[in-house]
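*Asks:* Supplied in structure tokens, the structure appears directly below.
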Amino acid sequence: MQLEAVVRRLELEQLYTDYVHCLDMDQLERWPDFFTEDCFYRVTSAENFEAGMPLGLIHATSRNMLKDRVSALREANIYEPQRYRHLVSSIKIVGEHGDALDLVANFLVVRTMQEGDMTLFAAGRYLDQVSLTDDGWKFARKDVILDSRQIDTLLAIPL
Amino acid sequence: MQLEAVVRRLELEQLYTDYVHCLDMDQLERWPDFFTEDCFYRVTSAENFEAGMPLGLIHATSRNMLKDRVSALREANIYEPQRYRHLVSSIKIVGEHGDALDLVANFLVVRTMQEGDMTLFAAGRYLDQVSLTDDGWKFARKDVILDSRQIDTLLAIPL
Amino acid sequence: MQLEAVVRRLELEQLYTDYVHCLDMDQLERWPDFFTEDCFYRVTSAENFEAGMPLGLIHATSRNMLKDRVSALREANIYEPQRYRHLVSSIKIVGEHGDALDLVANFLVVRTMQEGDMTLFAAGRYLDQVSLTDDGWKFARKDVILDSRQIDTLLAIPL
């Protein structure tokens, strides 16, 4: 492995780091910027993913759809006084084609309610494709594959 | 630290990454390949470990014993429709002797049942010795030291 | 990114790694050594942090105060037969001024009671300032910002 490969590895880890801090800080307006314009984003269960079911709990086929989703979340204005905390681990490059890379990573999201109750909110893996753009690495595709069949939330938040 | 040391660090992180994806994907048949032929593998509690108790919940002294364990698990065919998700953190080189390294790392395993219940399944640390073989880094020794006294499972799965 | 930047990144990750192993091994007497002599240390809730409340659940303005805290914890000798396990993720450099760096990182702490019960003990983020000293990187400032309002413990342990 040369320095170039090491640097790329750290840049990719940084992408996930920036991504989860954006979500955990509830800076959802910045969330679509982590994606390419014609991105694919989906939240689905491992069960449905393995069965080849195309749809998911959330499903978007462009960055604009992600922006719409954020607007909807903000307008709905459902007061869920809770905090989410992402732990990401075991990021791995599993494929490489041109400037695009396939990545997998494990995640765990812990939710803390205003009164202090903490729960395991979601666990699973990201199955992603990233592209190197003029503006750095972006997600061209992100499958959020939940270990559980569903998530307990009023509105489907970004994961 | 020179580039060589950086590359080695990333290779070791990669070893843990590959290891946990193998387990989380339930590709147990590949699991023994992460070990040397004359490996030592043990799952034990921190309490017993600190008391110097030699045995554990699981105990194997060769790669073949690990293969036997996988066969037993597959043949038992107990239908536990659950998924495991490993989070690994804080990998550290704590010793170095020739081509072998002593490592410690923290882990957390979350279990998701088919109906969606998520539980903290296991937490603790790996205390490992790895060797550089012709086929890359392998575990020559792995002590899985659980913070709890036992784990809640019908059959002792690899950790 | 040059090799120097890569090495620094790994050194900073190592700082967090050493820090959490120190805590998880209950080697609290070594804990103050991770800080500069005139350090600031605080454990607070995200709610209070965002409201600009200066105080916290724990509050110290020097390494000696941290040593006093450890002494108090040891002398109190409250027998809480439990183990803590830290998972740290998404370490990020968010600011740089001279030899000092601002860092943020996510953490999760799982507590295991003697009888085996495991609970989510704390989740949140570290907001830190580190300085490069003759003795390596040290925390000049550490804000432990909990997602919850409080932590369930008889005595406020280091986090």
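Each chain in the structure tokens gets a letter, A, B and so on, in the order shown; residues start at 1 in every chain, and ligands are counted from 1 in the order they appear.
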Could you list, as a ChimeraX atom specification, every residue within 7 Å of segment 19-32 of chain A, counting only C-alpha atoms and ignoring same-chain residues fewer than 5 positions away?
*Replies:* /A:63,66-67,70,84-86
*Asks:* Which residues are close to segment 110-112 of chain A, i.e. within 7 Å by only C-alpha atoms, leaving aside same-chain residues fewer than 4 positions away? Reply as a VMD selection string.
*Replies:* (chain A and resid 82 to 86 116 to 121) or (chain C and resid 147 to 148)
*Asks:* Write the residues of the preceding selection, restricted to C-alpha atoms, as a PDB file, in the first residue's frame.
*Replies:*
```pdb
ATOM      1  CA  GLN A  82     -34.751  13.237  21.153  1.00  0.00           C
ATOM      2  CA  ARG A  83     -31.138  12.911  20.158  1.00  0.00           C
ATOM      3  CA  TYR A  84     -29.482  10.349  17.952  1.00  0.00           C
ATOM      4  CA  ARG A  85     -25.904   9.169  18.211  1.00  0.00           C
ATOM      5  CA  HIS A  86     -24.237   7.181  15.446  1.00  0.00           C
ATOM      6  CA  GLY A 116     -33.106  10.370  29.555  1.00  0.00           C
ATOM      7  CA  ASP A 117     -34.305   6.985  28.322  1.00  0.00           C
ATOM      8  CA  MET A 118     -31.762   5.502  25.962  1.00  0.00           C
ATOM      9  CA  THR A 119     -32.610   2.858  23.414  1.00  0.00           C
ATOM     10  CA  LEU A 120     -30.961   0.953  20.613  1.00  0.00           C
ATOM     11  CA  PHE A 121     -32.656   2.705  17.742  1.00  0.00           C
TER      12      PHE A 121
ATOM     13  CA  ASP C 147     -27.153  13.185  25.093  1.00  0.00           C
ATOM     14  CA  SER C 148     -29.119  12.606  28.276  1.00  0.00           C
TER      15      SER C 148
END
```
*Asks:* List the spatial neighbours of Val130 of chain A as a list in words - criterion: any atom at most 6 Å away, only C-alpha atoms, same-chain residues fewer than 2 positions off excluded.
*Replies:*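 My list of contacting residues is Ala100, Leu101, Lys138, Phe139 and Ala140 of chain A.
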*Asks:* Quick check: residues of chain B within 10 Å of chain C, only C-alpha atoms, returned as a PDB file with C-alpha atoms, in the first residue's frame.
*Replies:*
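Output saved as selection-v2.pdb:
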```pdb
ATOM      1  CA  MET B   1       6.131   6.764  12.527  1.00  0.00           C
ATOM      2  CA  GLN B   2       7.045   5.835   8.983  1.00  0.00           C
ATOM      3  CA  LEU B   3       4.769   4.829   6.131  1.00  0.00           C
ATOM      4  CA  ALA B   5       4.079   1.536  10.384  1.00  0.00           C
ATOM      5  CA  VAL B   6       1.030   3.394   9.079  1.00  0.00           C
ATOM      6  CA  ARG B   9      -1.810  -0.219  11.377  1.00  0.00           C
ATOM      7  CA  LEU B  10      -4.350  -0.034   8.572  1.00  0.00           C
ATOM      8  CA  ALA B  46     -13.492 -10.893  32.550  1.00  0.00           C
ATOM      9  CA  GLU B  47     -14.069 -12.335  36.011  1.00  0.00           C
ATOM     10  CA  LEU B  87     -18.959  -2.578  16.592  1.00  0.00           C
ATOM     11  CA  VAL B  88     -15.196  -2.596  17.117  1.00  0.00           C
ATOM     12  CA  SER B  89     -13.263   0.352  18.479  1.00  0.00           C
ATOM     13  CA  SER B  90      -9.967   1.373  20.027  1.00  0.00           C
ATOM     14  CA  ILE B  91      -7.688  -1.217  18.453  1.00  0.00           C
ATOM     15  CA  LYS B  92      -4.236  -0.976  20.016  1.00  0.00           C
ATOM     16  CA  ILE B  93      -0.877  -2.683  19.599  1.00  0.00           C
ATOM     17  CA  VAL B 104      -6.362  -5.256  22.318  1.00  0.00           C
ATOM     18  CA  ALA B 105      -9.670  -3.901  21.019  1.00  0.00           C
ATOM     19  CA  ASN B 106     -13.097  -3.094  22.420  1.00  0.00           C
ATOM     20  CA  PHE B 107     -16.213  -4.654  20.965  1.00  0.00           C
ATOM     21  CA  LEU B 108     -19.957  -4.441  21.305  1.00  0.00           C
ATOM     22  CA  THR B 119     -30.561  -6.107  22.737  1.00  0.00           C
ATOM     23  CA  LEU B 120     -27.024  -5.557  23.908  1.00  0.00           C
ATOM     24  CA  PHE B 121     -25.755  -9.073  23.351  1.00  0.00           C
ATOM     25  CA  ALA B 122     -22.126  -8.830  24.391  1.00  0.00           C
ATOM     26  CA  ALA B 123     -19.526  -6.213  25.286  1.00  0.00           C
ATOM     27  CA  GLY B 124     -15.912  -6.663  26.157  1.00  0.00           C
ATOM     28  CA  ARG B 125     -12.477  -6.723  24.678  1.00  0.00           C
ATOM     29  CA  LEU B 146     -16.783 -10.666  28.032  1.00  0.00           C
ATOM     30  CA  ASP B 147     -17.730  -8.002  30.539  1.00  0.00           C
ATOM     31  CA  SER B 148     -20.576 -10.246  31.634  1.00  0.00           C
ATOM     32  CA  ARG B 149     -20.399 -13.699  33.150  1.00  0.00           C
ATOM     33  CA  GLN B 150     -22.269 -15.379  30.385  1.00  0.00           C
ATOM     34  CA  ILE B 151     -23.985 -14.795  27.110  1.00  0.00           C
ATOM     35  CA  ASP B 152     -27.601 -15.411  26.327  1.00  0.00           C
TER      36      ASP B 152
END
```
*Asks:* May I ask for the distance between atom CA of Ile145 of chain C and atom CA of Arg42 of chain C, given in Å to one decimal place?
*Replies:*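 Straight-line distance from atom CA of Ile145 of chain C to atom CA of Arg42 of chain C works out to 8.3 Å.
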*Asks:* Pull the strand (DSSP E or B) assignments for segment 120-159 of chain A out of DSSP run on the backbone, and list those residues as a PDB file with N, CA and C atoms, in the first residue's frame.
*Replies:*
```pdb
ATOM      1  N   LEU A 120     -31.591   1.339  21.869  1.00  0.00           N
ATOM      2  CA  LEU A 120     -30.961   0.953  20.613  1.00  0.00           C
ATOM      3  C   LEU A 120     -31.976   1.265  19.533  1.00  0.00           C
ATOM      4  N   PHE A 121     -31.673   2.248  18.719  1.00  0.00           N
ATOM      5  CA  PHE A 121     -32.656   2.705  17.742  1.00  0.00           C
ATOM      6  C   PHE A 121     -32.531   1.932  16.431  1.00  0.00           C
ATOM      7  N   ALA A 122     -31.329   1.741  15.972  1.00  0.00           N
ATOM      8  CA  ALA A 122     -31.114   1.037  14.706  1.00  0.00           C
ATOM      9  C   ALA A 122     -29.708   0.460  14.674  1.00  0.00           C
ATOM     10  N   ALA A 123     -29.597  -0.719  14.090  1.00  0.00           N
ATOM     11  CA  ALA A 123     -28.287  -1.319  13.830  1.00  0.00           C
ATOM     12  C   ALA A 123     -28.341  -1.922  12.446  1.00  0.00           C
ATOM     13  N   GLY A 124     -27.195  -1.970  11.800  1.00  0.00           N
ATOM     14  CA  GLY A 124     -27.173  -2.557  10.465  1.00  0.00           C
ATOM     15  C   GLY A 124     -25.905  -2.174   9.746  1.00  0.00           C
ATOM     16  N   ARG A 125     -26.016  -2.177   8.419  1.00  0.00           N
ATOM     17  CA  ARG A 125     -24.831  -1.806   7.651  1.00  0.00           C
ATOM     18  C   ARG A 125     -25.199  -0.864   6.523  1.00  0.00           C
ATOM     19  N   TYR A 126     -24.221  -0.049   6.193  1.00  0.00           N
ATOM     20  CA  TYR A 126     -24.308   0.781   4.998  1.00  0.00           C
ATOM     21  C   TYR A 126     -23.679  -0.004   3.857  1.00  0.00           C
ATOM     22  N   LEU A 127     -24.354  -0.001   2.717  1.00  0.00           N
ATOM     23  CA  LEU A 127     -23.766  -0.563   1.505  1.00  0.00           C
ATOM     24  C   LEU A 127     -23.779   0.580   0.502  1.00  0.00           C
ATOM     25  N   ASP A 128     -22.608   1.136   0.265  1.00  0.00           N
ATOM     26  CA  ASP A 128     -22.544   2.425  -0.415  1.00  0.00           C
ATOM     27  C   ASP A 128     -21.698   2.370  -1.663  1.00  0.00           C
ATOM     28  N   GLN A 129     -21.991   3.317  -2.552  1.00  0.00           N
ATOM     29  CA  GLN A 129     -21.069   3.580  -3.648  1.00  0.00           C
ATOM     30  C   GLN A 129     -20.696   5.053  -3.564  1.00  0.00           C
ATOM     31  N   VAL A 130     -19.403   5.319  -3.574  1.00  0.00           N
ATOM     32  CA  VAL A 130     -18.949   6.712  -3.501  1.00  0.00           C
ATOM     33  C   VAL A 130     -18.196   7.073  -4.774  1.00  0.00           C
ATOM     34  N   SER A 131     -18.289   8.341  -5.141  1.00  0.00           N
ATOM     35  CA  SER A 131     -17.579   8.859  -6.312  1.00  0.00           C
ATOM     36  C   SER A 131     -16.741  10.047  -5.901  1.00  0.00           C
ATOM     37  N   LEU A 132     -15.610  10.180  -6.549  1.00  0.00           N
ATOM     38  CA  LEU A 132     -14.758  11.340  -6.290  1.00  0.00           C
ATOM     39  C   LEU A 132     -15.202  12.461  -7.220  1.00  0.00           C
ATOM     40  N   THR A 133     -15.718  13.534  -6.645  1.00  0.00           N
ATOM     41  CA  THR A 133     -16.182  14.677  -7.438  1.00  0.00           C
ATOM     42  C   THR A 133     -15.220  15.850  -7.211  1.00  0.00           C
ATOM     43  N   GLY A 136     -14.922  16.643  -3.650  1.00  0.00           N
ATOM     44  CA  GLY A 136     -14.581  15.548  -2.729  1.00  0.00           C
ATOM     45  C   GLY A 136     -15.469  14.326  -2.924  1.00  0.00           C
ATOM     46  N   TRP A 137     -15.344  13.366  -2.017  1.00  0.00           N
ATOM     47  CA  TRP A 137     -16.113  12.126  -2.106  1.00  0.00           C
ATOM     48  C   TRP A 137     -17.575  12.370  -1.784  1.00  0.00           C
ATOM     49  N   LYS A 138     -18.436  11.790  -2.611  1.00  0.00           N
ATOM     50  CA  LYS A 138     -19.881  11.901  -2.399  1.00  0.00           C
ATOM     51  C   LYS A 138     -20.497  10.509  -2.500  1.00  0.00           C
ATOM     52  N   PHE A 139     -21.634  10.339  -1.857  1.00  0.00           N
ATOM     53  CA  PHE A 139     -22.375   9.089  -2.002  1.00  0.00           C
ATOM     54  C   PHE A 139     -23.177   9.118  -3.299  1.00  0.00           C
ATOM     55  N   ALA A 140     -22.850   8.221  -4.209  1.00  0.00           N
ATOM     56  CA  ALA A 140     -23.643   8.074  -5.423  1.00  0.00           C
ATOM     57  C   ALA A 140     -24.810   7.120  -5.147  1.00  0.00           C
ATOM     58  N   ARG A 141     -24.614   6.288  -4.140  1.00  0.00           N
ATOM     59  CA  ARG A 141     -25.642   5.320  -3.780  1.00  0.00           C
ATOM     60  C   ARG A 141     -25.444   4.964  -2.317  1.00  0.00           C
ATOM     61  N   LYS A 142     -26.525   4.918  -1.591  1.00  0.00           N
ATOM     62  CA  LYS A 142     -26.453   4.512  -0.191  1.00  0.00           C
ATOM     63  C   LYS A 142     -27.647   3.641   0.150  1.00  0.00           C
ATOM     64  N   ASP A 143     -27.351   2.388   0.463  1.00  0.00           N
ATOM     65  CA  ASP A 143     -28.371   1.490   0.997  1.00  0.00           C
ATOM     66  C   ASP A 143     -28.146   1.361   2.497  1.00  0.00           C
ATOM     67  N   VAL A 144     -29.108   1.815   3.268  1.00  0.00           N
ATOM     68  CA  VAL A 144     -29.059   1.661   4.724  1.00  0.00           C
ATOM     69  C   VAL A 144     -29.841   0.398   5.045  1.00  0.00           C
ATOM     70  N   ILE A 145     -29.131  -0.664   5.389  1.00  0.00           N
ATOM     71  CA  ILE A 145     -29.775  -1.974   5.546  1.00  0.00           C
ATOM     72  C   ILE A 145     -29.906  -2.285   7.028  1.00  0.00           C
ATOM     73  N   LEU A 146     -31.133  -2.198   7.510  1.00  0.00           N
ATOM     74  CA  LEU A 146     -31.418  -2.373   8.931  1.00  0.00           C
ATOM     75  C   LEU A 146     -31.468  -3.851   9.296  1.00  0.00           C
TER      76      LEU A 146
END
```
*Asks:* Just list as a PyMOL selection string whatever in chain A DSSP marks as alpha helix (DSSP H).
*Replies:* chain A and resi 3-24+46-50+63-76
*Asks:* Go ahead and compute the interatomic distance for atom CA of Ala60 of chain A and atom CA of Tyr41 of chain A, in Å to one decimal.
*Replies:* 5.1 Å
*Asks:* Could you check how far atom CA of Leu103 of chain B sits from atom CA of Thr36 of chain C, in Å to one decimal?
*Replies:*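 Distance between the two atoms: 27.5 Å.
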